[in-house]
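S.K.: Sharing run_32.txt below, compact mmCIF, C-alpha atoms:
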```
# COMPACT_ATOMS: atom_id res chain seq x y z
CA MET L 1 -22.93 14.01 0.75
CA ASN L 2 -21.91 15.75 -2.47
CA GLU L 3 -19.20 14.63 -4.87
CA SER L 4 -16.50 16.77 -3.35
CA GLU L 5 -17.17 15.59 0.19
CA PHE L 6 -17.19 11.99 -0.99
CA GLU L 7 -13.80 12.50 -2.67
CA ASP L 8 -12.41 14.05 0.48
CA GLU L 9 -13.61 11.09 2.51
CA LEU L 10 -11.86 8.74 0.13
CA ARG L 11 -8.66 10.78 0.17
CA ALA L 12 -8.63 10.55 3.94
CA LEU L 13 -7.80 6.88 3.54
CA ARG L 14 -4.04 6.60 3.18
CA PRO L 15 -2.51 3.84 1.05
CA ALA L 16 -0.60 1.29 3.09
CA SER L 17 3.17 1.60 3.07
CA PRO L 18 5.30 -1.07 1.41
CA SER L 19 7.31 -3.42 3.56
CA PRO L 20 10.66 -2.01 4.73
CA THR L 21 12.65 -4.40 2.56
CA LEU L 22 11.31 -2.88 -0.64
CA GLU L 23 13.35 0.30 -0.27
CA LEU L 24 16.43 -1.72 0.58
CA GLU L 25 15.99 -3.88 -2.50
CA ILE L 26 15.57 -0.81 -4.68
CA ALA L 27 18.60 0.85 -3.10
CA ARG L 28 20.67 -2.24 -3.74
CA GLU L 29 19.68 -2.29 -7.38
CA LEU L 30 20.11 1.42 -7.98
CA THR L 31 23.40 1.84 -6.19
CA GLY L 32 24.87 -1.40 -7.44
CA ALA L 33 25.90 -2.27 -3.94
CA PRO L 34 27.06 -5.84 -3.48
CA ARG L 35 24.56 -8.17 -1.95
CA SER L 36 25.23 -7.95 1.73
CA VAL L 37 24.05 -9.93 4.67
CA VAL L 38 20.97 -9.27 6.74
CA VAL L 39 21.58 -10.37 10.29
CA ARG L 40 18.32 -11.73 11.58
CA PRO L 41 17.88 -13.00 15.11
CA ALA L 42 15.91 -16.00 13.95
CA ALA L 43 18.40 -17.05 11.33
CA GLY L 44 21.75 -15.82 12.61
CA ILE L 45 23.06 -15.92 9.05
CA ILE L 46 26.49 -14.63 8.20
CA VAL L 47 28.52 -15.07 5.07
CA ARG L 48 30.73 -18.03 5.58
CA PRO L 49 34.22 -17.48 4.19
CA GLU L 50 35.54 -19.94 1.66
CA LYS L 51 36.12 -23.37 3.12
CA ARG L 52 39.78 -24.26 3.05
CA SER L 53 39.95 -27.90 3.84
CA ARG L 54 37.88 -30.98 3.21
CA PHE L 55 38.89 -32.13 6.63
CA PHE L 56 37.30 -29.25 8.46
CA LEU L 57 35.71 -30.53 11.67
CA GLY L 58 34.74 -27.29 13.38
CA GLY L 59 30.99 -27.20 12.65
CA LEU L 60 30.16 -26.65 16.27
CA ALA L 61 32.62 -23.79 16.43
CA TRP L 62 30.92 -22.14 13.46
CA ALA L 63 27.56 -22.48 15.14
CA LEU L 64 28.93 -20.83 18.26
CA GLY L 65 30.47 -18.08 16.17
CA GLY L 66 27.19 -17.43 14.37
CA ALA L 67 25.36 -17.29 17.65
CA ALA L 68 27.88 -14.79 18.96
CA VAL L 69 27.41 -12.53 15.93
CA ALA L 70 23.64 -12.73 16.22
CA ALA L 71 23.77 -11.92 19.91
CA LEU L 72 26.11 -9.00 19.30
CA ALA L 73 23.93 -7.69 16.50
CA MET L 74 20.84 -7.93 18.73
CA LEU L 75 22.57 -5.77 21.28
CA THR L 76 23.58 -3.14 18.74
CA ALA L 77 20.38 -2.86 16.66
CA PRO L 78 16.70 -2.35 17.51
CA PRO L 79 14.59 -5.53 17.46
CA SER L 80 12.20 -4.59 14.63
CA TRP L 81 14.36 -5.85 11.80
CA LEU L 82 12.06 -8.39 10.26
CA GLY L 83 11.68 -9.02 6.57
CA ARG L 84 8.89 -8.45 4.02
CA GLY L 85 5.48 -8.86 5.49
CA VAL L 86 6.11 -6.93 8.65
CA SER L 87 3.45 -4.34 9.20
CA PRO L 88 5.25 -1.11 8.53
CA GLY L 89 5.25 1.80 10.88
CA LYS L 90 5.95 5.37 9.96
CA SER L 91 7.76 5.63 6.68
CA GLY L 92 11.53 5.58 7.04
CA ALA L 93 12.18 4.29 10.53
CA PRO L 94 11.93 0.53 9.79
CA VAL L 95 14.11 0.94 6.74
CA GLU L 96 16.81 2.63 8.77
CA THR L 97 16.59 -0.22 11.21
CA MET L 98 17.05 -2.71 8.42
CA GLU L 99 20.05 -0.79 7.13
CA LEU L 100 21.58 -0.92 10.57
CA ALA L 101 21.38 -4.69 10.43
CA TYR L 102 23.46 -5.06 7.25
CA PHE L 103 26.96 -6.40 7.52
CA GLU L 104 29.45 -7.06 4.76
CA PRO L 105 32.45 -9.36 4.96
CA LEU L 106 35.59 -7.38 5.74
CA GLU L 107 38.50 -9.69 6.38
CA SER L 108 39.34 -13.31 7.05
CA ALA L 109 42.61 -14.62 8.41
CA ARG L 110 43.92 -17.88 9.82
CA GLU L 111 46.71 -18.37 12.32
CA VAL L 112 48.21 -21.80 12.87
CA VAL L 113 48.68 -22.44 16.56
CA ALA L 114 50.10 -25.95 16.63
CA THR L 115 50.68 -29.01 14.50
CA GLU L 116 51.01 -32.63 15.58
CA THR L 117 51.94 -35.68 13.55
CA SER L 118 50.77 -39.15 14.47
CA GLU L 119 52.73 -42.36 14.28
CA ILE L 120 52.93 -44.11 10.93
CA PHE L 121 50.13 -46.58 10.34
CA TYR L 122 48.84 -48.56 7.40
CA ASP L 123 45.72 -47.41 5.60
CA ASP L 124 43.88 -49.77 3.21
CA ASP L 125 43.56 -47.10 0.53
CA ALA L 126 46.53 -44.85 1.07
CA GLY L 127 49.04 -47.36 2.33
CA ALA L 128 51.54 -46.20 4.94
CA SER L 129 50.26 -42.91 6.27
CA GLN L 130 50.38 -40.36 9.00
CA VAL L 131 47.71 -38.06 10.31
CA VAL L 132 48.78 -34.46 10.64
CA ARG L 133 46.66 -32.48 13.03
CA THR L 134 46.74 -28.71 12.64
CA SER L 135 45.22 -26.46 15.27
CA SER L 136 44.49 -22.93 14.18
CA VAL L 137 42.36 -19.92 14.85
CA GLU L 138 40.31 -18.24 12.14
CA ARG L 139 39.43 -14.62 12.53
CA HIS L 140 36.59 -13.20 10.48
CA SER L 141 35.28 -9.67 10.55
CA TRP L 142 32.23 -7.96 9.08
CA THR L 143 31.55 -4.28 8.80
CA ASN L 144 28.36 -2.30 8.67
CA PRO L 145 28.75 0.28 5.88
CA THR L 146 26.09 2.50 7.39
CA THR L 147 27.37 2.78 10.92
CA GLY L 148 31.00 1.71 10.50
CA ALA L 149 30.54 -0.91 13.21
CA VAL L 150 32.81 -3.94 12.99
CA VAL L 151 31.98 -7.43 14.24
CA GLU L 152 34.86 -9.84 14.77
CA VAL L 153 34.61 -13.54 15.40
CA GLU L 154 37.36 -15.96 16.35
CA VAL L 155 36.77 -19.56 15.44
CA PRO L 156 39.00 -22.36 16.74
CA ARG L 157 39.68 -24.92 14.07
CA GLU L 158 41.28 -28.32 13.81
CA ASP L 159 42.22 -30.02 10.55
CA PHE L 160 43.15 -33.65 10.31
CA VAL L 161 44.95 -34.51 7.09
CA LEU L 162 45.88 -37.99 6.03
CA VAL L 163 49.38 -37.86 4.55
CA PRO L 164 50.85 -40.85 2.68
CA VAL L 165 54.39 -41.72 3.76
CA ALA L 166 56.92 -42.42 1.03
CA TYR L 167 59.80 -44.80 1.87
CA GLN L 168 62.75 -43.66 -0.15
CA MET P 1 20.55 10.55 3.38
CA SER P 2 23.13 10.20 0.65
CA ASP P 3 26.58 8.90 1.35
CA ASN P 4 28.04 12.34 1.94
CA GLY P 5 25.36 13.08 4.50
CA THR P 6 24.16 16.29 2.85
CA SER P 7 20.86 15.56 1.17
CA PRO P 8 18.72 12.55 0.38
CA ASP P 9 19.15 10.87 -2.98
CA PRO P 10 16.44 12.09 -5.37
CA TRP P 11 15.05 8.61 -5.77
CA ARG P 12 14.63 8.28 -2.02
CA VAL P 13 12.59 11.48 -1.92
CA CYS P 14 10.47 10.14 -4.74
CA TYR P 15 10.14 6.79 -2.99
CA ALA P 16 9.04 8.34 0.28
CA GLU P 17 6.36 10.29 -1.52
CA LEU P 18 5.12 7.77 -4.04
CA ALA P 19 5.81 4.23 -2.83
CA PRO P 20 2.50 3.73 -0.97
CA LYS P 21 0.56 5.20 -3.89
CA LEU P 22 2.40 3.09 -6.45
CA LEU P 23 1.82 0.00 -4.35
CA LEU P 24 -1.89 0.73 -4.10
CA PHE P 25 -2.03 1.24 -7.85
CA ALA P 26 -0.12 -1.97 -8.53
CA ARG P 27 -2.50 -3.89 -6.30
CA GLN P 28 -5.40 -2.92 -8.49
CA TRP P 29 -3.89 -5.31 -11.00
CA VAL P 30 -1.81 -7.60 -8.83
CA PRO P 31 -3.74 -8.25 -5.61
CA ASN P 32 -1.02 -10.23 -3.88
CA ARG P 33 0.99 -7.76 -1.85
CA ALA P 34 4.40 -9.38 -2.30
CA ASP P 35 3.88 -9.62 -6.07
CA ALA P 36 2.72 -6.01 -6.16
CA GLU P 37 5.88 -4.95 -4.33
CA ASP P 38 7.94 -6.79 -6.91
CA VAL P 39 6.11 -4.88 -9.61
CA VAL P 40 6.78 -1.56 -7.88
CA GLN P 41 10.43 -2.46 -7.40
CA THR P 42 10.92 -3.35 -11.04
CA ALA P 43 9.15 -0.22 -12.24
CA PHE P 44 10.98 2.04 -9.83
CA VAL P 45 14.40 0.70 -10.67
CA ARG P 46 13.79 0.87 -14.42
CA PHE P 47 12.52 4.40 -14.16
CA TRP P 48 15.43 5.73 -12.13
CA ARG P 49 18.00 3.93 -14.23
CA LYS P 50 16.57 5.53 -17.32
CA GLN P 51 16.09 8.93 -15.75
CA PRO P 52 18.58 9.43 -12.94
CA ASP P 53 17.88 13.16 -13.01
CA ALA P 54 14.12 12.80 -12.94
CA GLN P 55 12.12 15.70 -11.56
CA PRO P 56 8.74 15.55 -9.79
CA ALA P 57 7.10 16.49 -13.07
CA HIS P 58 8.23 13.15 -14.44
CA TYR P 59 6.84 11.10 -11.56
CA PRO P 60 3.50 10.33 -13.27
CA LEU P 61 5.53 8.20 -15.69
CA LEU P 62 6.13 5.86 -12.79
CA TYR P 63 2.46 4.96 -12.77
CA ALA P 64 2.67 4.05 -16.45
CA ALA P 65 5.70 1.88 -15.72
CA VAL P 66 3.91 0.16 -12.84
CA ARG P 67 0.89 -0.41 -15.05
CA THR P 68 2.92 -1.98 -17.85
CA ILE P 69 4.82 -4.30 -15.54
CA ALA P 70 1.70 -5.18 -13.56
CA LEU P 71 -0.15 -6.16 -16.72
CA ASP P 72 2.80 -8.25 -17.86
CA HIS P 73 2.84 -9.89 -14.48
CA LEU P 74 -0.90 -10.43 -14.66
CA ARG P 75 -0.60 -12.20 -17.98
CA SER P 76 2.12 -14.52 -16.74
CA HIS P 77 0.23 -14.95 -13.48
CA ASP P 78 -2.93 -15.93 -15.35
CA ARG P 79 -1.02 -18.52 -17.28
CA ARG P 80 0.33 -19.90 -14.06
CA VAL P 81 -3.07 -19.81 -12.41
CA ARG P 82 -4.53 -21.89 -15.18
CA ARG P 83 -1.94 -24.50 -14.34
CA GLU P 84 -2.14 -24.09 -10.59
CA ASP P 85 -5.75 -23.19 -10.11
CA ALA P 86 -5.80 -24.44 -6.56
CA PHE P 87 -3.57 -21.61 -5.46
CA HIS P 88 -5.56 -18.87 -7.12
CA ILE P 89 -7.86 -17.99 -4.25
CA GLU P 90 -5.09 -18.00 -1.71
CA GLU P 91 -2.83 -15.79 -3.82
CA THR P 92 -5.42 -13.14 -4.55
CA ILE P 93 -6.24 -12.58 -0.92
CA GLY P 94 -4.08 -9.67 0.07
CA ALA P 95 -3.46 -7.59 3.13
CA GLN P 96 -5.14 -4.28 3.73
CA VAL P 97 -4.50 -1.78 0.97
CA PHE P 98 -4.98 1.20 3.28
CA THR P 99 -3.14 2.09 6.44
CA HIS P 100 -4.57 0.64 9.58
CA ASP P 101 -6.34 3.44 11.36
CA PRO P 102 -8.74 2.30 14.08
CA ASP P 103 -11.01 5.27 13.42
CA GLN P 104 -11.30 4.39 9.76
CA ALA P 105 -11.00 0.64 9.89
CA GLU P 106 -14.62 0.06 8.93
CA THR P 107 -14.56 2.65 6.17
CA SER P 108 -11.33 1.36 4.68
CA GLN P 109 -12.65 -2.19 4.61
CA MET P 110 -15.85 -1.09 2.95
CA VAL P 111 -14.03 1.00 0.37
CA GLN P 112 -11.58 -1.78 -0.33
CA ALA P 113 -14.43 -4.23 -0.83
CA ALA P 114 -16.33 -1.76 -3.01
CA LEU P 115 -13.26 -1.11 -5.15
CA GLU P 116 -13.08 -4.80 -5.94
CA CYS P 117 -16.59 -4.63 -7.37
CA ILE P 118 -15.75 -1.90 -9.89
CA PRO P 119 -14.54 -2.73 -13.42
CA PRO P 120 -10.73 -2.62 -13.53
CA GLN P 121 -10.47 0.26 -15.98
CA GLN P 122 -12.76 2.44 -13.91
CA ARG P 123 -11.03 1.39 -10.75
CA GLU P 124 -7.55 2.31 -11.95
CA THR P 125 -8.82 5.70 -13.04
CA LEU P 126 -10.34 6.27 -9.62
CA VAL P 127 -7.18 5.18 -7.81
CA LEU P 128 -4.94 7.36 -9.97
CA ARG P 129 -7.21 10.34 -9.45
CA ILE P 130 -7.97 10.03 -5.74
CA TRP P 131 -4.86 8.48 -4.23
CA GLY P 132 -2.35 9.06 -7.03
CA GLU P 133 -3.47 12.69 -7.22
CA LEU P 134 -2.97 12.79 -10.98
CA THR P 135 -4.81 15.11 -13.30
CA PHE P 136 -7.10 13.71 -15.97
CA ALA P 137 -4.47 14.61 -18.54
CA GLN P 138 -1.81 12.67 -16.65
CA ILE P 139 -4.16 9.72 -16.21
CA ALA P 140 -4.97 9.78 -19.92
CA GLU P 141 -1.24 9.62 -20.71
CA THR P 142 -0.71 6.85 -18.19
CA VAL P 143 -3.43 4.55 -19.51
CA GLY P 144 -3.17 5.60 -23.16
CA GLU P 145 -6.70 6.90 -23.51
CA SER P 146 -8.25 10.28 -24.24
CA ILE P 147 -9.00 12.74 -21.49
CA ASN P 148 -12.72 12.43 -22.17
CA THR P 149 -12.54 8.68 -21.79
CA VAL P 150 -10.78 8.78 -18.44
CA ALA P 151 -13.08 11.53 -17.21
CA SER P 152 -16.07 9.34 -18.07
CA ARG P 153 -14.50 6.33 -16.42
CA TYR P 154 -13.88 8.36 -13.31
CA ARG P 155 -17.48 9.53 -13.21
CA TYR P 156 -18.79 5.98 -13.64
CA ALA P 157 -16.34 4.72 -11.03
CA MET P 158 -17.52 7.27 -8.48
CA GLN P 159 -21.14 6.38 -9.15
CA ALA P 160 -20.41 2.68 -8.81
CA LEU P 161 -18.44 3.19 -5.63
CA ARG P 162 -21.21 5.24 -4.05
CA LYS P 163 -23.70 2.63 -5.10
CA HIS P 164 -21.73 -0.12 -3.42
CA LEU P 165 -21.17 1.93 -0.30
CA LYS P 166 -24.72 3.20 0.00
CA PRO P 167 -26.16 0.16 1.86
CA HIS P 168 -23.46 0.63 4.48
CA GLU P 169 -24.39 4.27 4.86
CA TYR P 170 -27.93 3.21 5.64
CA GLU P 171 -26.63 0.73 8.19
CA ARG P 172 -24.61 3.42 9.87
CA VAL P 173 -27.60 5.77 10.03
```
Could you take the file, read its structure, and then write that structure out as structure tokens?

M.R.:
Amino acid sequence: MNESEFEDELRALRPASPSPTLELEIARELTGAPRSVVVRPAAGIIVRPEKRSRFFLGGLAWALGGAAVAALAMLTAPPSWLGRGVSPGKSGAPVETMELAYFEPLESAREVVATETSEIFYDDDAGASQVVRTSSVERHSWTNPTTGAVVEVEVPREDFVLVPVAYQ
Amino acid sequence: MSDNGTSPDPWRVCYAELAPKLLLFARQWVPNRADAEDVVQTAFVRFWRKQPDAQPAHYPLLYAAVRTIALDHLRSHDRRVRREDAFHIEETIGAQVFTHDPDQAETSQMVQAALECIPPQQRETLVLRIWGELTFAQIAETVGESINTVASRYRYAMQALRKHLKPHEYERV
């Protein structure tokens, strides 16, 4: 085998493609796009809106909401949306799949459904107090900038707030 | 495609063409694949921020950027390895550097193994020439050496590679 044939044999070996996330990371840096959320079936991660009350008790509701988003995203996107380390296929296709799985927070709103006040009782720390229970529904939406798809989640929420009672 | 749906962003065209080659080049210095991808990312972003209107004629500069960042990474990595020597072996074992093609699986493994036996300076010259498809002049500019030097390194690299692959050729015969 002469030099030229040897070179040709070497050139026949194609360098392995980078993982699909590399192009996304570069795109994010070059376009200055805000860091968005990758919806992954294993993680079911979404951006949680700012917490509004220390008395929030709806953890289970959030979990259900996250599961709903993950399930919806699985139905709307192909299943090959794994992160770095996935063996890449043909250049381009996995990246497009990853882009399809990006959602950005769009809107958050809360609607109070009902309030209920307990009887007055005596608390060791706060003195005479009442518990005010507020039932509400939070609506959060995310949008996919690539496809324009919108995911909406409704989360039932209950807040219990200890309110001191002033006798005047 | 770009946002207006007309044509791809120039950097995406460049990425599609060069990313595998840049990654292969980076891995000559930074064997760990994830680290090598970080190197490529940093180099690529710096390059396109500096030259948003870059043309294909400028693309060889990307190899120089990858080289600089990879060597910086290597220096910091070496410092870390001295502190965390136990992790060294694990971190330098990387995935395949060539695409997985069943017909060429044996060849690619042999070439990959042979490349690791070649001195780094010869190896980078070989990689830039064969898989980066750069001219000797472009390689010389990339590594900061004369054309004669890189041409010699390439010749020695080819000889060394053939030498390391020769026993396998006998086995195949």

S.K.: For stretch 151-153 of chain P, list every protein, DNA or RNA residue within 12 Å, evaluated using only C-alpha atoms, and leave out those in the same chain fewer than 4 positions away; present the list as a PyMOL selection string.

M.R.: chain P and resi 118-129+134-140+143+145-147+157-161

S.K.: Can you write out the residues you just picked, keeping C-alpha atoms, as a tab-separated table (two decimals), keeping the file's coordinate frame?

M.R.:
```tsv
chain	number	residue	atom	x	y	z
P	118	ILE	CA	-15.75	-1.90	-9.89
P	119	PRO	CA	-14.54	-2.73	-13.42
P	120	PRO	CA	-10.73	-2.62	-13.53
P	121	GLN	CA	-10.47	0.26	-15.98
P	122	GLN	CA	-12.76	2.44	-13.91
P	123	ARG	CA	-11.03	1.39	-10.75
P	124	GLU	CA	-7.55	2.31	-11.95
P	125	THR	CA	-8.82	5.70	-13.04
P	126	LEU	CA	-10.34	6.27	-9.62
P	127	VAL	CA	-7.18	5.18	-7.81
P	128	LEU	CA	-4.94	7.36	-9.97
P	129	ARG	CA	-7.21	10.34	-9.45
P	134	LEU	CA	-2.97	12.79	-10.98
P	135	THR	CA	-4.81	15.11	-13.30
P	136	PHE	CA	-7.10	13.71	-15.97
P	137	ALA	CA	-4.47	14.61	-18.54
P	138	GLN	CA	-1.81	12.67	-16.65
P	139	ILE	CA	-4.16	9.72	-16.21
P	140	ALA	CA	-4.97	9.78	-19.92
P	143	VAL	CA	-3.43	4.55	-19.51
P	145	GLU	CA	-6.70	6.90	-23.51
P	146	SER	CA	-8.25	10.28	-24.24
P	147	ILE	CA	-9.00	12.74	-21.49
P	157	ALA	CA	-16.34	4.72	-11.03
P	158	MET	CA	-17.52	7.27	-8.48
P	159	GLN	CA	-21.14	6.38	-9.15
P	160	ALA	CA	-20.41	2.68	-8.81
P	161	LEU	CA	-18.44	3.19	-5.63
```

S.K.: With 7 Å as the limit and counting only C-alpha atoms, what residues in chain L lie close to chain P? Please list them as a PDB file with C-alpha atoms, in the coordinates of the input.

M.R.:
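Dumped everything to out36.pdb:
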```
ATOM      1  CA  ARG L  11      -8.660  10.780   0.170  1.00  0.00           C
ATOM      2  CA  LEU L  13      -7.800   6.880   3.540  1.00  0.00           C
ATOM      3  CA  ARG L  14      -4.040   6.600   3.180  1.00  0.00           C
ATOM      4  CA  PRO L  15      -2.510   3.840   1.050  1.00  0.00           C
ATOM      5  CA  ALA L  16      -0.600   1.290   3.090  1.00  0.00           C
ATOM      6  CA  SER L  17       3.170   1.600   3.070  1.00  0.00           C
ATOM      7  CA  PRO L  18       5.300  -1.070   1.410  1.00  0.00           C
ATOM      8  CA  LEU L  22      11.310  -2.880  -0.640  1.00  0.00           C
ATOM      9  CA  ILE L  26      15.570  -0.810  -4.680  1.00  0.00           C
ATOM     10  CA  GLU L  29      19.680  -2.290  -7.380  1.00  0.00           C
ATOM     11  CA  LEU L  30      20.110   1.420  -7.980  1.00  0.00           C
TER      12      LEU L  30
END
```

S.K.: For L:Val132, which residue out of L:Glu158, L:Ala109, L:Val153, L:Val163 is the nearest one, using all atoms listed in the file?

M.R.: L:Val163

S.K.: Which polymer residues have any atom within 12 Å of an atom of P:Asp53, counting all atoms listed in the file, with same-chain residues fewer than 3 positions away left out, as a ChimeraX atom specification?

M.R.: /P:9-11,14,47-50,56-59

S.K.: Work out how far atom CA of L:Glu111 is from atom CA of L:Asp159, in Å to one decimal.

M.R.: 12.6 Å

S.K.: Just how far from atom CA of L:Ile120 is atom CA of L:Val137, in Å to one decimal?

M.R.: 26.7 Å

S.K.: In Å, with one decimal, what is the gap from atom CA of P:Glu116 to atom CA of P:Ala64?

M.R.: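 Separation between atom CA of P:Glu116 and atom CA of P:Ala64: 20.9 Å.
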
S.K.: Give me the residues near L:Val165 as a list in words, where near means some atom within 10 Å (using only C-alpha atoms) and where sequence neighbours in that chain fewer than 2 positions away do not count.

M.R.: Ile120, Phe121, Tyr122, Ala126, Gly127, Ala128, Ser129, Gln130, Leu162, Val163, Tyr167 and Gln168 of chain L

S.K.: Could you list, as a PDB file with C-alpha atoms, keeping the file's coordinate frame, every residue within 10 Å of L:Val150, counting all atoms listed in the file and ignoring same-chain residues fewer than 3 positions away?

M.R.:
```
ATOM      1  CA  PHE L 103      26.960  -6.400   7.520  1.00  0.00           C
ATOM      2  CA  GLU L 104      29.450  -7.060   4.760  1.00  0.00           C
ATOM      3  CA  PRO L 105      32.450  -9.360   4.960  1.00  0.00           C
ATOM      4  CA  LEU L 106      35.590  -7.380   5.740  1.00  0.00           C
ATOM      5  CA  SER L 141      35.280  -9.670  10.550  1.00  0.00           C
ATOM      6  CA  TRP L 142      32.230  -7.960   9.080  1.00  0.00           C
ATOM      7  CA  THR L 143      31.550  -4.280   8.800  1.00  0.00           C
ATOM      8  CA  ASN L 144      28.360  -2.300   8.670  1.00  0.00           C
ATOM      9  CA  PRO L 145      28.750   0.280   5.880  1.00  0.00           C
ATOM     10  CA  THR L 147      27.370   2.780  10.920  1.00  0.00           C
TER      11      THR L 147
END
```
